[in-house]
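Coordinates as given in data-v1.pdb (PDB, C-alpha atoms, pLDDT in the B column):
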MODEL        1
ATOM      1  CA  MET U 252      91.831 120.732 104.633  1.00 47.00           C
ATOM      2  CA  GLN U 253      92.430 122.308 108.045  1.00 44.00           C
ATOM      3  CA  HIS U 254      90.944 119.186 109.680  1.00 46.00           C
ATOM      4  CA  LYS U 255      93.308 116.961 107.674  1.00 46.00           C
ATOM      5  CA  ASN U 256      96.340 119.045 108.679  1.00 47.00           C
ATOM      6  CA  LYS U 257      95.369 118.841 112.365  1.00 49.00           C
ATOM      7  CA  LEU U 258      94.941 115.061 112.076  1.00 49.00           C
ATOM      8  CA  LEU U 259      98.323 114.663 110.387  1.00 51.00           C
ATOM      9  CA  LEU U 260      99.974 116.821 113.054  1.00 49.00           C
ATOM     10  CA  THR U 261      98.396 114.691 115.798  1.00 51.00           C
ATOM     11  CA  PHE U 262      99.830 111.491 114.350  1.00 51.00           C
ATOM     12  CA  LEU U 263     103.252 113.104 113.853  1.00 52.00           C
ATOM     13  CA  VAL U 264     103.285 114.162 117.515  1.00 49.00           C
ATOM     14  CA  LEU U 265     102.237 110.635 118.526  1.00 50.00           C
ATOM     15  CA  PHE U 266     104.974 109.116 116.382  1.00 50.00           C
ATOM     16  CA  LEU U 267     107.697 111.430 117.692  1.00 49.00           C
ATOM     17  CA  GLY U 268     106.461 110.913 121.233  1.00 52.00           C
ATOM     18  CA  THR U 269     106.875 107.154 120.992  1.00 48.00           C
ATOM     19  CA  LEU U 270     110.422 107.633 119.691  1.00 48.00           C
ATOM     20  CA  TYR U 271     111.215 109.871 122.653  1.00 48.00           C
ATOM     21  CA  ALA U 272     109.761 107.364 125.096  1.00 48.00           C
ATOM     22  CA  ASP U 273     111.993 104.594 123.744  1.00 49.00           C
ATOM     23  CA  ALA U 274     115.137 106.698 124.121  1.00 45.00           C
ATOM     24  CA  GLN U 275     114.230 108.496 127.356  1.00 46.00           C
ATOM     25  CA  MET U 276     117.081 109.155 129.791  1.00 39.00           C
ATOM     26  CA  TYR U 277     117.339 110.803 133.196  1.00 37.00           C
ATOM     27  CA  ARG U 278     120.023 112.040 135.582  1.00 41.00           C
ATOM     28  CA  ARG U 279     120.433 110.170 138.858  1.00 42.00           C
ATOM     29  CA  PRO U 280     119.956 112.574 141.826  1.00 45.00           C
ATOM     30  CA  GLY U 281     123.195 113.427 143.571  1.00 45.00           C
ATOM     31  CA  VAL U 282     125.455 112.250 140.754  1.00 43.00           C
ATOM     32  CA  ARG U 283     126.467 115.221 138.616  1.00 46.00           C
ATOM     33  CA  GLY U 284     126.788 114.706 134.907  1.00 43.00           C
ATOM     34  CA  ARG U 285     126.058 110.979 134.931  1.00 46.00           C
ATOM     35  CA  ILE U 286     123.441 109.804 132.433  1.00 41.00           C
ATOM     36  CA  ILE U 287     121.500 106.618 133.217  1.00 42.00           C
ATOM     37  CA  MET U 288     119.201 104.862 130.713  1.00 44.00           C
ATOM     38  CA  ARG U 289     115.737 104.280 132.188  1.00 48.00           C
ATOM     39  CA  ASN U 290     115.236 100.605 133.033  1.00 50.00           C
ATOM     40  CA  ARG U 291     111.874  99.467 131.599  1.00 49.00           C
ATOM     41  CA  THR U 292     111.916  95.927 133.040  1.00 49.00           C
ATOM     42  CA  THR U 293     111.704  95.660 136.797  1.00 50.00           C
ATOM     43  CA  ASN U 294     112.932  92.078 136.680  1.00 52.00           C
ATOM     44  CA  GLN U 295     116.274  93.073 135.150  1.00 54.00           C
ATOM     45  CA  ARG U 296     118.636  93.682 138.043  1.00 53.00           C
ATOM     46  CA  ASN U 297     122.018  92.982 136.544  1.00 50.00           C
ATOM     47  CA  LYS U 298     123.377  96.121 134.882  1.00 50.00           C
ATOM     48  CA  ASN U 299     126.076  94.123 133.150  1.00 50.00           C
ATOM     49  CA  THR U 300     123.603  91.905 131.320  1.00 54.00           C
ATOM     50  CA  LYS U 301     123.891  92.563 127.584  1.00 61.00           C
ATOM     51  CA  GLN U 302     120.880  92.332 125.296  1.00 59.00           C
ATOM     52  CA  PRO U 303     121.362  90.249 122.154  1.00 69.00           C
ATOM     53  CA  ALA U 304     122.083  92.346 119.080  1.00 81.00           C
ATOM     54  CA  TYR U 305     119.073  92.944 116.850  1.00 83.00           C
ATOM     55  CA  GLU U 306     119.311  91.381 113.412  1.00 90.00           C
ATOM     56  CA  PRO U 307     117.979  93.802 110.735  1.00 93.00           C
ATOM     57  CA  SER U 308     115.374  92.500 108.300  1.00 95.00           C
ATOM     58  CA  VAL U 309     113.436  93.545 105.199  1.00 97.00           C
ATOM     59  CA  HIS U 310     109.620  93.536 105.189  1.00 96.00           C
ATOM     60  CA  LEU U 311     107.383  93.425 102.113  1.00 97.00           C
ATOM     61  CA  LYS U 312     103.664  94.148 102.324  1.00 97.00           C
ATOM     62  CA  ILE U 313     100.809  94.106  99.806  1.00 97.00           C
ATOM     63  CA  GLY U 314      97.308  95.183 100.767  1.00 97.00           C
ATOM     64  CA  TYR U 315      94.018  96.829  99.938  1.00 97.00           C
ATOM     65  CA  GLY U 316      92.473  99.894 101.542  1.00 96.00           C
ATOM     66  CA  PHE U 317      88.926 101.180 101.946  1.00 95.00           C
ATOM     67  CA  GLN U 318      87.539 103.789 101.531  1.00 94.00           C
ATOM     68  CA  ASN U 319      89.475 105.465  98.753  1.00 97.00           C
ATOM     69  CA  LEU U 320      89.750 108.971 100.192  1.00 97.00           C
ATOM     70  CA  ASP U 321      90.684 110.464  96.830  1.00 96.00           C
ATOM     71  CA  LYS U 322      86.922 110.626  96.337  1.00 95.00           C
ATOM     72  CA  ASN U 323      87.011 113.768  98.495  1.00 95.00           C
ATOM     73  CA  ILE U 324      89.169 115.446  95.832  1.00 94.00           C
ATOM     74  CA  LEU U 325      86.787 114.925  92.907  1.00 95.00           C
ATOM     75  CA  PRO U 326      86.203 118.461  91.596  1.00 94.00           C
ATOM     76  CA  THR U 327      82.934 120.323  91.359  1.00 91.00           C
ATOM     77  CA  PHE U 328      81.884 122.296  88.288  1.00 91.00           C
ATOM     78  CA  TYR U 329      79.682 125.354  87.932  1.00 89.00           C
ATOM     79  CA  GLY U 330      76.270 124.414  86.598  1.00 87.00           C
ATOM     80  CA  ALA U 331      76.719 120.684  87.249  1.00 90.00           C
ATOM     81  CA  THR U 332      75.952 118.360  90.134  1.00 92.00           C
ATOM     82  CA  MET U 333      77.893 115.205  90.988  1.00 94.00           C
ATOM     83  CA  GLY U 334      76.198 111.801  91.051  1.00 92.00           C
ATOM     84  CA  ASN U 335      77.249 108.620  92.831  1.00 92.00           C
ATOM     85  CA  VAL U 336      80.995 108.086  93.267  1.00 95.00           C
ATOM     86  CA  GLN U 337      82.643 104.810  92.286  1.00 95.00           C
ATOM     87  CA  GLN U 338      85.996 103.815  93.705  1.00 95.00           C
ATOM     88  CA  ASN U 339      88.670 101.219  93.155  1.00 95.00           C
ATOM     89  CA  GLY U 340      91.435 100.666  95.693  1.00 93.00           C
ATOM     90  CA  PRO U 341      93.673 101.960  96.837  1.00 97.00           C
ATOM     91  CA  PHE U 342      95.946  98.990  96.369  1.00 98.00           C
ATOM     92  CA  MET U 343      99.133  99.404  98.359  1.00 97.00           C
ATOM     93  CA  GLY U 344     102.599  97.946  98.551  1.00 97.00           C
ATOM     94  CA  SER U 345     105.512  98.755 100.817  1.00 97.00           C
ATOM     95  CA  ILE U 346     109.057  97.620 101.394  1.00 97.00           C
ATOM     96  CA  ASP U 347     110.736  98.520 104.674  1.00 97.00           C
ATOM     97  CA  TYR U 348     114.102  98.024 106.317  1.00 97.00           C
ATOM     98  CA  GLN U 349     113.713  97.323 110.026  1.00 96.00           C
ATOM     99  CA  PHE U 350     116.980  98.397 111.633  1.00 95.00           C
ATOM    100  CA  SER U 351     115.940  98.096 115.300  1.00 93.00           C
ATOM    101  CA  GLN U 352     113.400  96.322 117.446  1.00 91.00           C
ATOM    102  CA  SER U 353     111.064  99.311 117.264  1.00 93.00           C
ATOM    103  CA  MET U 354     111.822 101.168 114.002  1.00 96.00           C
ATOM    104  CA  SER U 355     111.807 100.686 110.237  1.00 97.00           C
ATOM    105  CA  VAL U 356     112.029 102.991 107.240  1.00 98.00           C
ATOM    106  CA  GLY U 357     110.988 102.351 103.660  1.00 98.00           C
ATOM    107  CA  VAL U 358     108.738 103.257 100.755  1.00 98.00           C
ATOM    108  CA  LEU U 359     104.928 103.063 100.558  1.00 98.00           C
ATOM    109  CA  ILE U 360     103.192 103.116  97.140  1.00 98.00           C
ATOM    110  CA  THR U 361      99.439 103.266  96.557  1.00 98.00           C
ATOM    111  CA  HIS U 362      97.281 103.174  93.437  1.00 98.00           C
ATOM    112  CA  GLY U 363      93.557 103.756  93.060  1.00 97.00           C
ATOM    113  CA  THR U 364      90.849 105.370  90.964  1.00 98.00           C
ATOM    114  CA  VAL U 365      87.686 107.301  91.741  1.00 97.00           C
ATOM    115  CA  SER U 366      85.028 108.356  89.237  1.00 97.00           C
ATOM    116  CA  ALA U 367      81.642 110.042  89.123  1.00 96.00           C
ATOM    117  CA  SER U 368      78.985 111.183  86.667  1.00 95.00           C
ATOM    118  CA  TYR U 369      78.103 114.869  86.441  1.00 95.00           C
ATOM    119  CA  TYR U 370      74.582 116.079  85.621  1.00 95.00           C
ATOM    120  CA  ASP U 371      73.403 119.361  84.212  1.00 91.00           C
ATOM    121  CA  PHE U 372      70.945 121.128  86.524  1.00 87.00           C
ATOM    122  CA  SER U 373      68.433 121.129  83.697  1.00 84.00           C
ATOM    123  CA  ASN U 374      68.667 117.343  83.217  1.00 86.00           C
ATOM    124  CA  LEU U 375      69.219 115.181  86.264  1.00 85.00           C
ATOM    125  CA  ILE U 376      68.433 111.937  84.451  1.00 89.00           C
ATOM    126  CA  THR U 377      71.124 111.693  81.774  1.00 90.00           C
ATOM    127  CA  PRO U 378      74.750 112.485  82.746  1.00 92.00           C
ATOM    128  CA  ALA U 379      76.330 115.406  80.930  1.00 93.00           C
ATOM    129  CA  PHE U 380      79.826 113.918  81.309  1.00 95.00           C
ATOM    130  CA  ASN U 381      81.909 111.532  83.454  1.00 96.00           C
ATOM    131  CA  GLY U 382      85.002 112.367  85.467  1.00 96.00           C
ATOM    132  CA  LYS U 383      87.768 110.034  86.624  1.00 97.00           C
ATOM    133  CA  LEU U 384      90.867 110.484  88.781  1.00 97.00           C
ATOM    134  CA  ASP U 385      93.674 107.935  88.572  1.00 98.00           C
ATOM    135  CA  ASN U 386      96.251 108.297  91.337  1.00 98.00           C
ATOM    136  CA  TRP U 387      99.671 106.887  92.181  1.00 98.00           C
ATOM    137  CA  SER U 388     101.317 108.028  95.409  1.00 98.00           C
ATOM    138  CA  TYR U 389     104.936 107.537  96.484  1.00 98.00           C
ATOM    139  CA  MET U 390     105.695 108.062 100.161  1.00 98.00           C
ATOM    140  CA  LEU U 391     108.508 107.764 102.664  1.00 98.00           C
ATOM    141  CA  ASN U 392     107.206 105.229 105.169  1.00 98.00           C
ATOM    142  CA  LEU U 393     108.200 105.388 108.856  1.00 97.00           C
ATOM    143  CA  MET U 394     107.020 102.592 111.133  1.00 97.00           C
ATOM    144  CA  HIS U 395     107.235 102.453 114.907  1.00 97.00           C
ATOM    145  CA  TYR U 396     106.628  99.022 116.452  1.00 96.00           C
ATOM    146  CA  MET U 397     105.406  98.757 120.015  1.00 95.00           C
ATOM    147  CA  LYS U 398     105.873  95.943 122.482  1.00 91.00           C
ATOM    148  CA  GLY U 399     103.443  93.091 121.935  1.00 88.00           C
ATOM    149  CA  SER U 400     103.779  89.314 121.942  1.00 91.00           C
ATOM    150  CA  LYS U 401     105.632  86.804 119.793  1.00 88.00           C
ATOM    151  CA  SER U 402     102.797  86.695 117.284  1.00 93.00           C
ATOM    152  CA  VAL U 403     101.179  90.153 117.609  1.00 96.00           C
ATOM    153  CA  THR U 404     103.006  93.467 117.112  1.00 96.00           C
ATOM    154  CA  PRO U 405     101.166  96.835 117.298  1.00 97.00           C
ATOM    155  CA  PHE U 406     102.518  99.666 115.150  1.00 98.00           C
ATOM    156  CA  VAL U 407     102.136 103.331 114.252  1.00 97.00           C
ATOM    157  CA  ARG U 408     102.592 104.430 110.617  1.00 98.00           C
ATOM    158  CA  THR U 409     103.588 107.894 109.380  1.00 97.00           C
ATOM    159  CA  ALA U 410     104.043 108.252 105.610  1.00 98.00           C
ATOM    160  CA  ILE U 411     104.504 111.429 103.543  1.00 98.00           C
ATOM    161  CA  GLY U 412     105.266 111.929  99.875  1.00 98.00           C
ATOM    162  CA  ILE U 413     103.851 113.025  96.523  1.00 98.00           C
ATOM    163  CA  ASN U 414     100.854 112.319  94.297  1.00 98.00           C
ATOM    164  CA  SER U 415     100.890 111.571  90.586  1.00 98.00           C
ATOM    165  CA  TRP U 416      97.497 112.238  88.950  1.00 97.00           C
ATOM    166  CA  GLN U 417      95.766 111.495  85.682  1.00 97.00           C
ATOM    167  CA  GLN U 418      92.320 113.053  85.266  1.00 96.00           C
ATOM    168  CA  THR U 419      89.919 112.453  82.390  1.00 96.00           C
ATOM    169  CA  TYR U 420      86.519 113.932  81.581  1.00 96.00           C
ATOM    170  CA  THR U 421      84.451 112.370  78.791  1.00 95.00           C
ATOM    171  CA  ASP U 422      80.968 112.935  77.421  1.00 92.00           C
ATOM    172  CA  MET U 423      78.441 110.196  76.759  1.00 89.00           C
ATOM    173  CA  ASN U 424      80.030 109.485  73.351  1.00 89.00           C
ATOM    174  CA  GLY U 425      83.454 108.924  74.864  1.00 89.00           C
ATOM    175  CA  ASN U 426      84.841 112.219  73.612  1.00 93.00           C
ATOM    176  CA  LYS U 427      86.754 114.685  75.776  1.00 93.00           C
ATOM    177  CA  ALA U 428      84.307 116.872  77.680  1.00 92.00           C
ATOM    178  CA  PRO U 429      84.757 120.678  77.407  1.00 91.00           C
ATOM    179  CA  VAL U 430      85.635 121.208  81.072  1.00 91.00           C
ATOM    180  CA  GLN U 431      88.769 122.601  82.652  1.00 90.00           C
ATOM    181  CA  GLU U 432      90.995 120.153  84.527  1.00 92.00           C
ATOM    182  CA  ALA U 433      91.168 120.603  88.277  1.00 93.00           C
ATOM    183  CA  ILE U 434      94.227 121.599  90.313  1.00 94.00           C
ATOM    184  CA  LEU U 435      94.914 118.488  92.420  1.00 96.00           C
ATOM    185  CA  PRO U 436      97.135 118.253  95.535  1.00 96.00           C
ATOM    186  CA  ASP U 437     100.766 117.208  95.141  1.00 97.00           C
ATOM    187  CA  PHE U 438     101.179 116.281  98.816  1.00 97.00           C
ATOM    188  CA  ALA U 439     100.320 112.699  99.806  1.00 98.00           C
ATOM    189  CA  TYR U 440     100.210 111.217 103.289  1.00 97.00           C
ATOM    190  CA  GLN U 441      98.950 108.277 105.302  1.00 98.00           C
ATOM    191  CA  VAL U 442      98.876 108.022 109.077  1.00 97.00           C
ATOM    192  CA  GLY U 443      97.537 105.058 110.973  1.00 97.00           C
ATOM    193  CA  ILE U 444      97.699 102.611 113.821  1.00 97.00           C
ATOM    194  CA  GLY U 445      97.390  98.858 113.488  1.00 97.00           C
ATOM    195  CA  THR U 446      98.795  95.458 114.309  1.00 97.00           C
ATOM    196  CA  LYS U 447     100.839  92.784 112.581  1.00 96.00           C
ATOM    197  CA  ILE U 448      99.874  89.158 113.226  1.00 96.00           C
ATOM    198  CA  LYS U 449     102.476  86.489 112.525  1.00 94.00           C
ATOM    199  CA  ILE U 450     101.278  83.159 111.117  1.00 95.00           C
ATOM    200  CA  SER U 451     104.717  81.705 110.361  1.00 94.00           C
ATOM    201  CA  THR U 452     108.372  82.675 110.761  1.00 90.00           C
ATOM    202  CA  ASN U 453     108.421  84.806 107.623  1.00 94.00           C
ATOM    203  CA  ALA U 454     104.758  85.534 106.823  1.00 96.00           C
ATOM    204  CA  GLY U 455     101.655  87.052 108.373  1.00 97.00           C
ATOM    205  CA  PHE U 456      98.967  89.657 107.871  1.00 97.00           C
ATOM    206  CA  SER U 457      98.145  93.074 109.250  1.00 96.00           C
ATOM    207  CA  LEU U 458      95.123  95.267 109.988  1.00 97.00           C
ATOM    208  CA  GLU U 459      95.250  99.057 110.121  1.00 98.00           C
ATOM    209  CA  ALA U 460      93.013 102.086 110.647  1.00 97.00           C
ATOM    210  CA  GLY U 461      93.998 105.626 109.734  1.00 96.00           C
ATOM    211  CA  TYR U 462      93.555 108.538 107.380  1.00 97.00           C
ATOM    212  CA  GLY U 463      95.102 109.892 104.196  1.00 97.00           C
ATOM    213  CA  LYS U 464      94.684 107.473 101.318  1.00 97.00           C
ATOM    214  CA  TYR U 465      92.393 105.042 103.142  1.00 97.00           C
ATOM    215  CA  ILE U 466      90.493 104.596 106.408  1.00 97.00           C
ATOM    216  CA  VAL U 467      90.959 100.841 106.945  1.00 97.00           C
ATOM    217  CA  GLN U 468      93.384  98.462 105.294  1.00 97.00           C
ATOM    218  CA  ALA U 469      94.310  94.780 105.384  1.00 97.00           C
ATOM    219  CA  GLY U 470      97.305  93.081 103.821  1.00 97.00           C
ATOM    220  CA  LEU U 471      99.848  90.284 103.747  1.00 97.00           C
ATOM    221  CA  ASN U 472     103.335  90.649 105.227  1.00 96.00           C
ATOM    222  CA  PHE U 473     106.540  88.861 104.273  1.00 97.00           C
ATOM    223  CA  LYS U 474     109.882  89.000 106.077  1.00 94.00           C
ATOM    224  CA  PHE U 475     113.269  88.450 104.436  1.00 92.00           C
TER     225      PHE U 475
ENDMDL
END
As a first step, turn the structure in this file into structure tokens.
Amino acid sequence: MQHKNKLLLTFLVLFLGTLYADAQMYRRPGVRGRIIMRNRTTNQRNKNTKQPAYEPSVHLKIGYGFQNLDKNILPTFYGATMGNVQQNGPFMGSIDYQFSQSMSVGVLITHGTVSASYYDFSNLITPAFNGKLDNWSYMLNLMHYMKGSKSVTPFVRTAIGINSWQQTYTDMNGNKAPVQEAILPDFAYQVGIGTKIKISTNAGFSLEAGYGKYIVQAGLNFKF
């Protein structure tokens, strides 16, 4: 858990650092109190040149992640050993409002399941019972887009929110197993870095690597 917190903190620092870099200002030497925006393009000489206003847009994404990192939360039980873990998802969907060239805010939702068989130490051939975790997560999604090309846009994702769990434990006859339900984490997060690739004016796909709910993820993007 300490490793996860350090990783999340690293991505938060990276995200905030990119915001600061985009809005960085400095004072011109010898001119008291005058604030000058840092000029990022050496070719732009005319201070009176106005940039065209950015037109806000809405982005919808659907995708699939791998691996399902909820598998790390499957509980252990005294006197039992866990067998192979099966996973499904997480499937993900997000809707974001991009209000500037470099920033958008929205909602990220994921859904996935992980399950495993548990064996009694005295019988490692036949499972004593099966356990399954079904998870929905709902997160505030902050995206920072970096400068790329007309068709490729790198991004950094920082998403935090809550988990909604359903856990079931059944014996080999399908009846509820006599085990105590685990205390599962309420806090959900996903941090990552990736790129969006445009294939038409309003559609494309994206690839991402990160940590939280998944390690790698691919999906389709739509712009409105």
**Message:** Going by the chain IDs and residue numbers used in this file, which residues fall under the PyMOL selection byres ((chain U and resi 343-354) around 7)? Write them as a PyMOL selection string.
**Reply:** chain U and resi 305+307-315+341-342+355-362+394-397
**Message:** Given the PyMOL selection byres ((chain U and resi 461) around 6) and the file above, list the residues it selects as a list of chain:residue names.
**Reply:** U:Val442, U:Gly443, U:Ala460, U:Tyr462, U:Ile466
**Residue with smallest distance to Lys383 in chain U - pool U:Ile413, U:Val403, U:Val467, U:Met333, counting only C-alpha atoms** = U:Met333
**Message:** What's the separation between CA of Asp422 in chain U and CA of Ala379 in chain U, in Å to one decimal place?
**Reply:**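 About the pair CA of Asp422 in chain U and CA of Ala379 in chain U: they are 6.3 Å apart.
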**Prompt:** Do you know which residues are at most 7 Å from Tyr440 in chain U counting all atoms listed in the file, after dropping those on the same chain fewer than 6 positions away, and could you put them as a list in words?
**Reply:**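 Skipping anything fewer than 6 positions along the chain leaves Ala410, Ile411, Gly412, Gly463 and Lys464 of chain U.
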**Request:** Provide the CA of Gln418 in chain U to CA of Ala439 in chain U distance in Å, to one decimal place.
**Result:**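 Interatomic distance, CA of Gln418 in chain U to CA of Ala439 in chain U: 16.6 Å.
Those residues returned by the PyMOL selection byres ((chain U and resi 380) around 10) for this file are Ala331, Met333, Ala367, Ser368, Tyr369, Tyr370, Asp371, Thr377, Pro378, Ala379, Asn381, Gly382, Tyr420, Thr421, Asp422, Met423, Asn424, Gly425, Asn426, Lys427, Ala428, Pro429 and Val430 of chain U.
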Edge lengths and centre in Å to one decimal, as AutoDock Vina command-line options, is what I'm after for the box along x, y and z that holds all listed atoms of range 340-356 of chain U once 8 Å is added on each side.
--center_x 104.2 --center_y 99.7 --center_z 106.6 --size_x 41.5 --size_y 22.7 --size_z 37.8
